[in-house]
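**Student:** One file: input14.txt (compact mmCIF, C-alpha atoms).
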# COMPACT_ATOMS: atom_id res chain seq x y z
CA MET K 135 192.87 307.06 138.82
CA SER K 136 190.55 309.93 137.87
CA THR K 137 191.19 313.50 139.04
CA GLU K 138 187.97 313.49 141.10
CA ARG K 139 189.14 310.45 143.08
CA THR K 140 192.56 312.04 143.63
CA LYS K 141 190.91 315.23 144.88
CA ILE K 142 188.71 313.32 147.32
CA LEU K 143 191.66 311.32 148.64
CA ASN K 144 193.71 314.51 149.03
CA MET K 145 190.84 316.11 150.96
CA LEU K 146 190.74 313.04 153.19
CA VAL K 147 194.50 313.18 153.80
CA GLU K 148 194.28 316.90 154.61
CA GLY K 149 191.48 316.17 157.07
CA LYS K 150 188.94 318.35 155.25
CA ILE K 151 186.48 315.44 155.06
CA THR K 152 185.86 312.36 157.18
CA VAL K 153 186.29 308.77 156.03
CA GLU K 154 182.51 308.35 155.76
CA GLU K 155 182.18 311.47 153.63
CA ALA K 156 185.03 310.29 151.39
CA GLU K 157 183.36 306.94 151.05
CA LYS K 158 180.07 308.57 150.03
CA LEU K 159 181.81 310.80 147.52
CA LEU K 160 183.76 307.89 146.05
CA ASP K 161 180.56 305.89 145.79
CA ALA K 162 178.87 308.78 144.02
CA ILE K 163 181.75 309.04 141.56
CA GLY K 164 181.67 305.30 141.00
CA GLU K 165 178.09 305.58 139.76
CA MET K 166 178.98 308.35 137.32
CA PRO K 167 180.44 307.51 133.92
CA ASP K 168 184.16 308.20 133.94
CA ASN K 169 184.92 310.87 131.36
CA ASN K 170 188.65 310.36 131.50
CA VAL K 171 188.61 306.79 130.37
CA GLY K 172 187.15 305.87 127.04
CA THR K 173 184.99 302.78 126.90
CA ALA K 174 187.40 301.23 124.44
CA PHE K 175 190.11 301.12 127.09
CA GLN K 176 188.01 299.63 129.86
CA PRO K 177 189.22 296.17 130.79
CA GLU K 178 187.05 293.44 129.41
CA LYS K 179 185.39 291.45 132.15
CA LYS K 180 186.20 287.79 131.66
CA GLY K 181 183.69 285.06 132.28
CA ILE K 182 183.97 282.62 135.12
CA PRO K 183 186.74 280.16 134.30
CA LYS K 184 185.69 276.60 133.53
CA TYR K 185 189.00 274.80 133.73
CA LEU K 186 192.26 274.90 135.60
CA ARG K 187 195.06 274.05 133.22
CA VAL K 188 198.55 272.82 134.11
CA ILE K 189 201.09 272.49 131.32
CA VAL K 190 204.62 271.24 131.94
CA ASP K 191 207.13 271.19 129.09
CA ASP K 192 210.35 269.36 129.67
CA ARG K 193 213.11 267.57 127.81
CA ASP K 194 214.12 263.96 128.27
CA SER K 195 217.39 263.94 130.18
CA LYS K 196 218.78 261.10 128.04
CA THR K 197 217.48 261.73 124.54
CA GLY K 198 216.77 265.44 124.81
CA LYS K 199 213.41 264.97 123.13
CA PRO K 200 210.53 267.13 124.29
CA GLU K 201 208.05 265.82 126.88
CA ARG K 202 204.80 267.42 127.81
CA VAL K 203 202.27 267.05 130.62
CA ASN K 204 198.97 268.71 129.97
CA ILE K 205 196.25 268.50 132.64
CA ARG K 206 192.84 270.10 132.47
CA VAL K 207 190.71 270.03 135.61
CA PRO K 208 187.13 271.34 135.55
CA ILE K 209 186.65 274.04 138.19
CA GLN K 210 183.39 272.37 139.17
CA LEU K 211 185.44 269.37 140.20
CA LEU K 212 187.21 271.54 142.77
CA ARG K 213 183.81 272.48 144.16
CA ALA K 214 182.85 268.80 144.25
CA GLY K 215 186.14 268.00 145.96
CA LEU K 216 185.34 270.52 148.66
CA LYS K 217 182.01 268.83 149.22
CA LEU K 218 183.85 265.55 149.45
CA THR K 219 185.79 266.89 152.43
CA SER K 220 182.54 266.99 154.41
CA LEU K 221 182.74 263.19 154.47
CA ILE K 222 186.03 263.24 156.33
CA PRO K 223 185.41 262.31 159.97
CA ASP K 224 186.16 265.03 162.53
CA HIS K 225 189.07 263.19 164.14
CA ALA K 226 190.72 262.59 160.74
CA ARG K 227 190.17 266.24 159.85
CA ASP K 228 191.87 267.33 163.08
CA LYS K 229 194.83 265.06 162.35
CA MET K 230 195.05 266.45 158.82
CA HIS K 231 194.93 270.01 160.13
CA ALA K 232 197.68 269.25 162.65
CA ALA K 233 199.86 267.62 159.97
CA LEU K 234 199.41 270.60 157.66
CA ASN K 235 200.23 272.96 160.51
CA GLU K 236 203.45 271.05 161.13
CA LYS K 237 204.45 271.68 157.54
CA GLY K 238 203.65 275.36 157.96
CA VAL K 239 200.39 275.30 156.03
CA ASN K 240 197.67 276.98 158.03
CA LEU K 241 194.73 275.51 156.16
CA ASP K 242 191.59 274.48 157.99
CA LEU K 243 188.98 272.78 155.85
CA ASN K 244 186.34 273.77 158.40
CA ASP K 245 186.88 277.38 157.35
CA PHE K 246 186.06 276.62 153.73
CA LYS K 247 182.49 277.39 152.85
CA PRO K 248 180.86 277.17 149.39
CA GLU K 249 180.59 280.99 149.39
CA SER K 250 184.32 281.40 149.97
CA LEU K 251 185.02 278.95 147.14
CA ASP K 252 182.94 281.12 144.80
CA GLY K 253 185.22 284.01 145.66
CA ILE K 254 188.32 281.90 145.06
CA ILE K 255 186.98 280.69 141.71
CA GLU K 256 186.20 284.26 140.69
CA ALA K 257 189.73 285.28 141.61
CA LEU K 258 191.18 282.32 139.69
CA GLN K 259 190.31 283.95 136.37
CA ASP K 260 193.27 286.25 136.85
CA LEU K 261 195.62 283.51 137.97
CA THR K 262 198.58 282.71 135.77
CA VAL K 263 201.70 280.99 136.99
CA ASP K 264 204.64 280.90 134.59
CA ILE K 265 207.84 279.18 135.58
CA ASP K 266 210.61 279.16 133.02
CA GLY K 267 213.65 277.00 133.57
CA GLU K 268 216.48 276.14 131.23
CA ASP K 269 214.69 273.14 129.77
CA GLU K 270 211.51 273.11 131.79
CA LYS K 271 208.53 275.35 131.52
CA VAL K 272 205.49 275.23 133.80
CA ARG K 273 202.30 277.12 133.13
CA ILE K 274 199.23 277.14 135.38
CA PHE K 275 196.23 279.16 134.35
CA CYS K 276 192.46 279.18 134.15
CA GLU K 277 190.46 279.20 130.96
CA MET B 77 173.66 272.38 136.08
CA ILE B 78 175.51 269.09 136.21
CA MET B 79 176.30 267.54 132.83
CA LEU B 80 177.02 263.90 133.37
CA PRO B 81 180.02 262.56 131.46
CA ILE B 82 178.99 260.63 128.39
CA ALA B 83 182.24 259.14 127.18
CA ALA B 84 185.86 258.58 128.13
CA SER B 85 188.87 258.15 125.90
CA LEU B 86 191.96 256.30 127.00
CA TRP B 87 195.15 256.02 125.00
CA ILE B 88 198.29 254.34 126.28
CA LYS B 89 201.38 254.00 124.12
CA ASN B 90 204.79 252.89 125.25
CA SER B 91 208.21 252.18 123.82
CA ASN B 92 207.50 248.40 123.65
CA ASN B 93 205.19 248.88 120.66
CA MET B 94 202.15 248.80 122.90
CA ASN B 95 199.44 251.01 121.52
CA PHE B 96 196.18 250.70 123.41
CA ARG B 97 193.34 253.00 122.53
CA ILE B 98 189.79 252.73 123.79
CA TRP B 99 186.66 254.84 123.78
CA LEU B 100 184.26 254.09 126.63
CA PRO B 101 180.60 255.01 126.25
CA ILE B 102 179.94 255.99 129.85
CA PHE B 103 176.40 257.07 129.02
CA LEU B 104 175.49 253.38 128.82
CA ILE B 105 176.22 252.78 132.50
CA TRP B 106 174.17 255.70 133.84
CA PRO B 107 170.79 253.89 133.66
CA PHE B 108 172.30 250.99 135.64
CA VAL B 109 173.87 253.35 138.18
CA ILE B 110 170.60 255.22 138.66
CA SER B 111 168.66 251.95 139.03
CA LEU B 112 171.22 250.71 141.55
CA ILE B 113 170.93 253.93 143.53
CA LEU B 114 167.14 253.68 143.59
CA VAL B 115 167.40 250.14 144.91
CA LEU B 116 170.01 251.02 147.51
CA VAL B 117 168.40 254.23 148.82
CA PRO B 118 166.07 252.52 151.34
CA VAL B 119 168.92 250.30 152.57
CA ILE B 120 171.29 253.27 152.97
CA LEU B 121 168.58 255.25 154.77
CA LEU B 122 167.97 252.41 157.19
CA ILE B 123 171.67 251.82 157.92
CA SER B 124 172.21 255.57 158.32
CA LEU B 125 169.40 255.75 160.86
CA ILE B 126 170.89 252.85 162.81
CA LEU B 127 174.38 254.36 162.72
CA TRP B 128 173.24 257.95 163.35
CA PRO B 129 173.95 257.92 167.13
CA SER B 130 177.54 256.78 166.50
CA GLY B 131 178.10 259.70 164.10
CA LYS B 132 178.72 257.47 161.09
CA GLY B 133 175.19 257.80 159.73
CA ARG B 134 175.60 261.30 158.31
CA PRO B 135 178.71 260.56 156.18
CA LEU B 136 177.06 257.38 154.94
CA LEU B 137 173.92 259.28 153.98
CA LEU B 138 175.92 261.99 152.21
CA ALA B 139 178.42 259.68 150.51
CA ALA B 140 176.26 258.61 147.56
CA PRO B 141 175.03 262.09 146.50
CA ILE B 142 178.49 263.59 146.92
CA MET B 143 180.15 260.81 144.94
CA LEU B 144 177.56 261.33 142.21
CA TYR B 145 178.28 265.06 142.30
CA VAL B 146 182.01 264.36 141.87
CA LEU B 147 181.38 261.94 139.00
CA GLY B 148 178.97 264.37 137.41
CA ASN B 149 181.59 267.09 137.41
CA LEU B 150 184.31 265.00 135.82
CA ARG B 151 183.22 266.11 132.37
CA GLY B 152 186.04 268.00 130.70
CA PHE B 153 188.77 266.38 132.79
CA MET B 154 191.85 265.60 130.74
CA ILE B 155 195.33 264.28 131.33
CA ASP B 156 197.77 264.18 128.44
CA ILE B 157 201.32 263.02 129.12
CA SER B 158 203.45 262.81 126.00
CA GLY B 159 207.02 261.66 125.93
CA ALA B 160 209.30 260.84 123.04
CA LYS B 161 207.83 257.35 122.63
CA GLU B 162 205.30 257.11 125.46
CA LYS B 163 201.91 258.61 125.71
CA ILE B 164 199.11 258.49 128.27
CA PHE B 165 195.93 260.26 127.37
CA ILE B 166 192.74 260.26 129.45
CA LYS B 167 189.82 262.43 128.55
CA ILE B 168 186.33 262.47 130.01
CA GLU B 169 183.75 264.21 127.90
How does the structure come out when it is put into structure tokens?

**Tutor:**
Amino acid sequence: MSTERTKILNMLVEGKITVEEAEKLLDAIGEMPDNNVGTAFQPEKKGIPKYLRVIVDDRDSKTGKPERVNIRVPIQLLRAGLKLTSLIPDHARDKMHAALNEKGVNLDLNDFKPESLDGIIEALQDLTVDIDGEDEKVRIFCE
Amino acid sequence: MIMLPIAASLWIKNSNNMNFRIWLPIFLIWPFVISLILVLVPVILLISLILWPSGKGRPLLLAAPIMLYVLGNLRGFMIDISGAKEKIFIKIE
């Protein structure tokens, strides 16, 4: 965090400026080039991911030979899948929602809009799940 | 932009010396699918209109374009399961 931002936040904590004023100041700083951070160190913005990848490495319990599951799902297919849910009749959707609720999953497909999916897809670019077991290894990531 | 899948590869190998490998030129079926859709559109429209009051018309009307959208976005889908002697490989490109 730059010193200017720290100063503004300190002023806000001390009550010298209001939240609105702090917001304006932070916005103003955001538009200025940050002198403290060289451009070489700025994080590279990744493109929108195209695929969701699931890789599972395991060993055969009998022979001990390696086994691998490698699945690549296009992100656009997730979007298409969401559109497919619009075909589910309302009563079936309610039943599904109730069943998910019973399992402790508070997911309502009615709440999913194409705009919210865009946000999820954008956030997926930073998603990496790594599970390391003794013999098993699971990796989920976007590429 | 939707890029329709043009080919699919399927490879199944098991421990009983079965080794089945096939390459399917999906691009060959698209003209037939599109012709079929063009033929069916008036029929689907008519049935949808009849079923509209019961609430089944809308899903019926949307089914074909959504299914096409799903098929169109299958490009790049891949499943590769490799064991010591078994292998299942499906790739849509």

**Student:** I need the residue nearest chain K from this list: B:Pro129, B:Pro81, B:Pro135, B:Gly148. Use all atoms listed in the file for the distance.

**Tutor:**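 Checking each of B:Pro129, B:Pro81, B:Pro135, B:Gly148 against chain K, counting all atoms listed in the file, the winner is B:Pro135.
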
**Student:** Please report as a tab-separated table every residue of chain K lying within 10 Å of chain B, along with the nearest atom pair and their distance in Å (one decimal), using only C-alpha atoms.

**Tutor:**
residue	atom	partner	partner_atom	distance
K:Lys184	CA	B:Gly152	CA	9.1
K:Tyr185	CA	B:Gly152	CA	8.0
K:Leu186	CA	B:Phe153	CA	9.6
K:Arg187	CA	B:Met154	CA	9.4
K:Val188	CA	B:Ile155	CA	9.5
K:Ile189	CA	B:Asp156	CA	9.4
K:Val190	CA	B:Ile157	CA	9.3
K:Asp191	CA	B:Ser158	CA	9.7
K:Asp192	CA	B:Gly159	CA	9.2
K:Arg193	CA	B:Gly159	CA	8.7
K:Asp194	CA	B:Ala160	CA	7.8
K:Thr197	CA	B:Ala160	CA	8.4
K:Gly198	CA	B:Ala160	CA	8.9
K:Lys199	CA	B:Ala160	CA	5.8
K:Pro200	CA	B:Ala160	CA	6.5
K:Glu201	CA	B:Gly159	CA	4.4
K:Arg202	CA	B:Ser158	CA	5.1
K:Val203	CA	B:Ile157	CA	4.4
K:Asn204	CA	B:Asp156	CA	4.9
K:Ile205	CA	B:Ile155	CA	4.5
K:Arg206	CA	B:Met154	CA	4.9
K:Val207	CA	B:Phe153	CA	5.0
K:Pro208	CA	B:Phe153	CA	5.9
K:Ile209	CA	B:Asn149	CA	8.6
K:Gln210	CA	B:Asn149	CA	5.8
K:Leu211	CA	B:Asn149	CA	5.3
K:Leu212	CA	B:Val146	CA	8.9
K:Arg213	CA	B:Val146	CA	8.6
K:Ala214	CA	B:Val146	CA	5.1
K:Gly215	CA	B:Val146	CA	6.9
K:Leu216	CA	B:Val146	CA	9.8
K:Lys217	CA	B:Ile142	CA	6.7
K:Leu218	CA	B:Ile142	CA	6.2
K:Thr219	CA	B:Ile142	CA	9.7
K:Ser220	CA	B:Pro135	CA	7.7
K:Leu221	CA	B:Pro135	CA	5.1
K:Ile222	CA	B:Pro135	CA	7.8
K:Pro223	CA	B:Pro135	CA	7.9
K:Asp224	CA	B:Gly131	CA	9.8

**Student:** In Å, with one decimal, what is the gap from atom CA of B:Leu86 to atom CA of B:Trp99?

**Tutor:**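 These two atoms are separated by 6.4 Å.
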
**Student:** Which polymer residues have any atom within 10 Å of an atom of K:Asp260, counting only C-alpha atoms, with same-chain residues fewer than 6 positions away left out, as a PDB file with C-alpha atoms, in the frame of the given file?

**Tutor:**
ATOM      1  CA  LYS K 180     186.200 287.790 131.660  1.00  0.00           C
ATOM      2  CA  PRO K 183     186.740 280.160 134.300  1.00  0.00           C
ATOM      3  CA  PHE K 275     196.230 279.160 134.350  1.00  0.00           C
ATOM      4  CA  CYS K 276     192.460 279.180 134.150  1.00  0.00           C
ATOM      5  CA  GLU K 277     190.460 279.200 130.960  1.00  0.00           C
TER       6      GLU K 277
END

**Student:** Distance atom CA of B:Ala83-atom CA of B:Phe108, one decimal place?

**Tutor:**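 Atom-to-atom, atom CA of B:Ala83 to atom CA of B:Phe108, that is 15.4 Å.
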
**Student:** Atom CA of K:Leu258 and atom CA of K:Ile182, how far apart in Å?

**Tutor:** 8.5 Å

**Student:** So that I can check the surroundings of K:Ile142, please list as a ChimeraX atom specification every protein, DNA and RNA residue that reaches within 12 Å of it, counting only C-alpha atoms and ignoring chain neighbours fewer than 2 positions away.

**Tutor:** /K:135-140,144-163

**Student:** Counting all atoms listed in the file, what is within 12 Å of K:Leu241, bar same-chain residues fewer than 4 positions away, as a ChimeraX atom specification?

**Tutor:** /K:227-228,230-237,245-246
